[in-house]
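Following: one structure in structure tokens, then a few remarks.
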Amino acid sequence: MKIDELKRVCVVGAGLMGRQIALNAAHHGFAVRLWDANAEQVLAAERWTDEYIAGRIEKGRWTKEEAAAARARLGFAANLGEAASDADLAIEAVVEDLAVKRKVFAILATNSSTFVSSLVADATKRPAQVANLHYFNPAMVMEVVEVVRGPHTSAETATLLVEFAKRVGKRPILMKREIEGFIANRLLRALGREATFLVDEGYATFEEVDLAAEKALGHPLGPFRLMDLTGIDLAFMIRSSIYASSGREEDRPPRCIEERYRAGHYGRKTGRGFYRYE
Ligand SMILES: NC(=O)c1ccc[n+]([C@@H]2O[C@H](COP(=O)([O-])OP(=O)(O)OC[C@H]3O[C@@H](n4cnc5c(N)ncnc54)[C@H](O)[C@@H]3O)[C@@H](O)[C@H]2O)c1
């Protein structure tokens with residue numbers, strides 16, 4: 001397939017990321033169908049989409065015509081068959097659980113933040129067409145996506161995903177070999193490891209660590225503010241899965257994350273994480 005033949009995109013999983021990945025592609029001219037195993041999430045995604053689009057118009061970022069066209073290209077499917085049947089590209093953005101991801105049979109591109117696509121490719125009949133397409137949150141605005149080519153991924157698939165990323169207004173980074181966590185999250189993890197160590201061992205508060213990252217290093221968001229945005233539940237799941245596979249004590253999820261996860265304080269989406277939100 002050539003990029004000009006790629007017209008229909010199916011996004012599986014309508015949570016925080018899936019709904020943005022879908023709207024971003026629709027905004028850039030692709031016909032998109034979004035589906036989630038939880039019907040409530042499909043409704044929530046539809047409400048979010050309408051609110052987001054209204055906000056874009058209000059702020060003068062999108063014209064009314066542009067918004068209406070993007071909205072018209074985005075469909076919320078009642079079942080997976082309807083979403084995936086004629087898709088040229090299926091992007092999987094379901095929960096970060098490998099067993100669940102392997103069941104999403106139509107996977108071509110996985111938005112997983114950690115799992116390399118080798119871990120899911122053999123669950124399909126076409127491993128050559130499977131790769132990582134990793135967006136960053138908020139996917140509607142973040143410029144970069146990582147395309148990660150596994151040993152099973154064909155050159156054609158990798159090229160197609162790079163072209164697709166460009167078409168939806170992103171700057172793709174094509175990784176030559178796959179490694180868990182990819183580039184940006186590996187960098188972030190190194191920072192996060194130090195940040196949570198300093199807090200867990202009582203050297204500084206999370207607010208102070210954020211202040212240092214933001215004002216001394218010039219990061220737009222400190223590691224704790226960022227975790228509130230991307231989800232403490234996700235941060236905990238990722239660290240737990242790394243710990244489960246390595247068994248190394250230094251990979252054990254940090255206390256300051258685990259406590260908030262157990263208390264259901266997942267960050268912005270629950271109104272409270274490290275910080276509190278109105
Ligand atoms: N949150 C981030 O900042 C971020 C950034 C980049 C990548 N990711 C990755 O994106 C993926 C989704 O993360 P999220 O933050 O959007 O999570 P989320 O919890 O907001 O959404 C996950 C969705 O998957 C749905 N789901 C679960 N099982 C399903 C199935 N079998 N079929 C269809 N839908 C199913 C759930 O109902 C839920 O709506 C994860 O792989 C994560 O690693 C997240």
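In the structure tokens, the first chain shown is A, the next is B, and so on; residue numbers restart at 1 for each chain, and ligands run from 1 in the order shown.
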Residues of chain A within 6 Å of ligand 1: nearest atom pair and distance (Å, one decimal) for each, counting only C-alpha atoms and all ligand atoms, sorted by chain and number, as a Markdown table?
```
| residue | atom | partner | partner_atom_place_in_ligand_line | distance |
| --- | --- | --- | --- | --- |
| A:Val12 | CA | ligand 1 | 33 (C) | 5.3 |
| A:Gly13 | CA | ligand 1 | 34 (N) | 3.9 |
| A:Ala14 | CA | ligand 1 | 39 (O) | 4.7 |
| A:Gly15 | CA | ligand 1 | 21 (O) | 3.3 |
| A:Leu16 | CA | ligand 1 | 16 (O) | 3.8 |
| A:Met17 | CA | ligand 1 | 16 (O) | 3.7 |
| A:Gly18 | CA | ligand 1 | 16 (O) | 5.5 |
| A:Asp36 | CA | ligand 1 | 34 (N) | 3.9 |
| A:Ala37 | CA | ligand 1 | 33 (C) | 4.0 |
| A:Asn38 | CA | ligand 1 | 37 (O) | 4.6 |
| A:Gln41 | CA | ligand 1 | 39 (O) | 5.2 |
| A:Ala93 | CA | ligand 1 | 11 (C) | 4.1 |
| A:Val94 | CA | ligand 1 | 24 (O) | 3.4 |
| A:Val95 | CA | ligand 1 | 22 (C) | 4.1 |
| A:Glu96 | CA | ligand 1 | 41 (O) | 4.1 |
| A:Val100 | CA | ligand 1 | 31 (N) | 5.3 |
| A:Val104 | CA | ligand 1 | 31 (N) | 6.0 |
| A:Asn111 | CA | ligand 1 | 10 (O) | 5.0 |
| A:Ser112 | CA | ligand 1 | 41 (O) | 3.4 |
| A:Ser113 | CA | ligand 1 | 43 (O) | 3.8 |
| A:His134 | CA | ligand 1 | 7 (C) | 5.9 |
| A:Tyr135 | CA | ligand 1 | 6 (C) | 5.1 |
| A:Phe136 | CA | ligand 1 | 6 (C) | 4.6 |
| A:Asn137 | CA | ligand 1 | 3 (O) | 4.5 |
| A:Thr230 | CA | ligand 1 | 3 (O) | 3.8 |
| A:Gly231 | CA | ligand 1 | 1 (N) | 5.9 |
```
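Close contacts of segment 173-179 of chain A, defined as residues with an atom at most 9 Å away when counting only C-alpha atoms, with chain neighbours fewer than 6 positions off set aside, comprise Thr114, Phe115, Val116, Ser117, Ser118, Asn132, Val144, Val145, Glu146, Val147, Val148, Arg149, Gly150, Pro151, Ala158, Thr159 and Val162 of chain A.
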Any chance you could list, as a VMD selection string, the residues in segment 41-115 of chain A that come up alpha helix (DSSP H) when DSSP is run on the backbone? chain A and resid 41 to 58 64 to 73 80 to 84 98 to 103
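Taking atom CA of Arg260 of chain A and atom CA of Asp233 of chain A as the two end points, the separation is 8.6 Å.
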So which bits of segment 40-245 of chain A end up strand (DSSP E) when you DSSP the backbone, as a PyMOL selection string? chain A and resi 74-76+89-92+109-110+131-134+144-148+171-175
Would you save the residues of that selection, restricted to N, CA, C and O atoms, as a CSV table (one decimal), in the first residue's frame?
```
chain,number,residue,atom,x,y,z
A,74,LEU,N,-15.3,11.5,11.3
A,74,LEU,CA,-15.0,10.7,12.5
A,74,LEU,C,-16.3,10.0,12.9
A,74,LEU,O,-17.3,10.6,13.2
A,75,GLY,N,-16.3,8.6,12.9
A,75,GLY,CA,-17.5,7.9,13.3
A,75,GLY,C,-17.2,7.1,14.6
A,75,GLY,O,-16.1,6.7,14.8
A,76,PHE,N,-18.3,6.9,15.4
A,76,PHE,CA,-18.1,6.2,16.6
A,76,PHE,C,-18.9,4.9,16.4
A,76,PHE,O,-20.1,4.8,16.2
A,89,LEU,N,-5.7,1.0,7.9
A,89,LEU,CA,-4.7,1.0,9.1
A,89,LEU,C,-5.5,0.9,10.4
A,89,LEU,O,-6.5,1.7,10.5
A,90,ALA,N,-5.2,0.0,11.2
A,90,ALA,CA,-5.8,-0.1,12.5
A,90,ALA,C,-4.8,0.3,13.6
A,90,ALA,O,-3.7,-0.3,13.6
A,91,ILE,N,-5.2,1.2,14.4
A,91,ILE,CA,-4.3,1.7,15.5
A,91,ILE,C,-4.9,1.2,16.8
A,91,ILE,O,-6.0,1.5,17.2
A,92,GLU,N,-4.1,0.4,17.6
A,92,GLU,CA,-4.6,-0.1,18.8
A,92,GLU,C,-4.2,0.8,20.0
A,92,GLU,O,-3.0,1.1,20.1
A,109,ALA,N,-0.9,-1.3,14.1
A,109,ALA,CA,0.0,-0.3,14.8
A,109,ALA,C,-0.5,-0.2,16.2
A,109,ALA,O,-1.6,0.1,16.5
A,110,THR,N,0.4,-0.5,17.1
A,110,THR,CA,0.1,-0.4,18.5
A,110,THR,C,0.7,0.9,19.1
A,110,THR,O,1.8,1.3,18.9
A,131,ALA,N,3.6,-2.9,13.7
A,131,ALA,CA,4.7,-2.1,14.3
A,131,ALA,C,4.2,-1.2,15.4
A,131,ALA,O,3.0,-1.2,15.6
A,132,ASN,N,5.1,-0.5,16.1
A,132,ASN,CA,4.6,0.5,17.1
A,132,ASN,C,4.5,1.8,16.4
A,132,ASN,O,5.3,2.2,15.6
A,133,LEU,N,3.4,2.5,16.8
A,133,LEU,CA,3.1,3.9,16.4
A,133,LEU,C,2.8,4.6,17.7
A,133,LEU,O,1.7,4.5,18.2
A,134,HIS,N,3.8,5.2,18.2
A,134,HIS,CA,3.6,5.7,19.6
A,134,HIS,C,3.4,7.2,19.6
A,134,HIS,O,4.3,8.0,19.3
A,144,VAL,N,5.7,15.0,18.0
A,144,VAL,CA,6.5,13.8,17.6
A,144,VAL,C,5.7,12.5,17.8
A,144,VAL,O,4.9,12.4,18.7
A,145,VAL,N,5.9,11.6,16.9
A,145,VAL,CA,5.5,10.2,17.2
A,145,VAL,C,6.7,9.3,16.9
A,145,VAL,O,7.5,9.6,16.0
A,146,GLU,N,6.8,8.2,17.6
A,146,GLU,CA,7.8,7.3,17.4
A,146,GLU,C,7.3,6.1,16.6
A,146,GLU,O,6.3,5.5,17.0
A,147,VAL,N,7.9,5.7,15.5
A,147,VAL,CA,7.6,4.6,14.8
A,147,VAL,C,8.7,3.6,15.0
A,147,VAL,O,9.8,3.9,14.9
A,148,VAL,N,8.3,2.4,15.5
A,148,VAL,CA,9.3,1.4,15.9
A,148,VAL,C,9.2,0.2,15.1
A,148,VAL,O,8.2,-0.5,15.1
A,171,ARG,N,5.9,14.8,13.4
A,171,ARG,CA,7.3,14.5,13.0
A,171,ARG,C,7.6,13.2,13.5
A,171,ARG,O,7.9,12.9,14.7
A,172,PRO,N,7.7,12.2,12.6
A,172,PRO,CA,8.0,10.8,13.0
A,172,PRO,C,9.5,10.6,13.2
A,172,PRO,O,10.3,11.2,12.6
A,173,ILE,N,9.8,9.8,14.2
A,173,ILE,CA,11.1,9.3,14.5
A,173,ILE,C,11.0,7.8,14.2
A,173,ILE,O,10.2,7.1,14.8
A,174,LEU,N,11.8,7.3,13.2
A,174,LEU,CA,11.8,5.9,13.0
A,174,LEU,C,12.9,5.2,13.7
A,174,LEU,O,14.1,5.5,13.4
A,175,MET,N,12.6,4.4,14.6
A,175,MET,CA,13.7,3.6,15.3
A,175,MET,C,14.1,2.4,14.5
A,175,MET,O,13.3,1.7,14.0
```
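You can rank A:Arg252, A:Leu234, A:Gly192, A:Lys101 by their closest distance to Lys269 of chain A using only C-alpha atoms, and at the top of that list sits A:Leu234.
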Quick one: residues within 12 Å of Glu156 of chain A, only C-alpha atoms, excluding same-chain residues fewer than 5 positions away - as JSON, numbers by chain? {"A": [1, 2, 3, 128, 129, 130, 131, 149, 161, 162, 163]}
Same residues, N, CA, C and O atoms, saved as a short mmCIF file (atom, residue, chain, number, x, y, z; two decimals), in the first residue's frame:
```cif
data_model
loop_
_atom_site.label_atom_id
_atom_site.label_comp_id
_atom_site.auth_asym_id
_atom_site.auth_seq_id
_atom_site.Cartn_x
_atom_site.Cartn_y
_atom_site.Cartn_z
N MET A 1 0.83 -1.20 0.00
CA MET A 1 0.00 0.00 0.00
C MET A 1 0.87 1.26 0.00
O MET A 1 1.87 1.33 0.69
N LYS A 2 0.45 2.23 -0.77
CA LYS A 2 1.12 3.53 -0.79
C LYS A 2 0.33 4.48 0.10
O LYS A 2 -0.87 4.30 0.28
N ILE A 3 0.98 5.52 0.58
CA ILE A 3 0.32 6.42 1.51
C ILE A 3 -0.95 7.02 0.90
O ILE A 3 -1.95 7.21 1.59
N ALA A 128 4.30 -8.97 9.36
CA ALA A 128 5.04 -7.97 8.58
C ALA A 128 4.35 -6.61 8.62
O ALA A 128 4.97 -5.57 8.40
N GLN A 129 3.04 -6.63 8.91
CA GLN A 129 2.27 -5.38 8.92
C GLN A 129 2.06 -4.84 10.33
O GLN A 129 1.16 -4.04 10.56
N VAL A 130 2.87 -5.30 11.27
CA VAL A 130 2.70 -4.86 12.66
C VAL A 130 3.92 -4.03 13.11
O VAL A 130 5.06 -4.41 12.86
N ALA A 131 3.64 -2.91 13.75
CA ALA A 131 4.72 -2.06 14.26
C ALA A 131 4.17 -1.19 15.39
O ALA A 131 2.96 -1.15 15.63
N ARG A 149 10.26 -0.10 14.37
CA ARG A 149 10.27 -1.26 13.47
C ARG A 149 10.81 -2.46 14.21
O ARG A 149 11.94 -2.44 14.70
N LEU A 161 3.87 3.92 7.87
CA LEU A 161 3.55 4.56 9.15
C LEU A 161 4.26 5.92 9.27
O LEU A 161 3.70 6.87 9.80
N VAL A 162 5.47 5.98 8.76
CA VAL A 162 6.20 7.26 8.76
C VAL A 162 5.43 8.28 7.91
O VAL A 162 5.21 9.42 8.32
N GLU A 163 4.97 7.84 6.74
CA GLU A 163 4.20 8.74 5.86
C GLU A 163 2.88 9.14 6.50
O GLU A 163 2.46 10.29 6.42
#
```
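Proximity to Val9 of chain A was assessed for A:Trp35, A:Phe182, A:Trp62, A:Tyr266 counting only C-alpha atoms; the smallest distance is recorded for A:Trp35.
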Please, what distance in Å, to one decimal, runs between atom CA of Gly273 of chain A and atom CA of Ile232 of chain A?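 So the answer is 7.1 Å.
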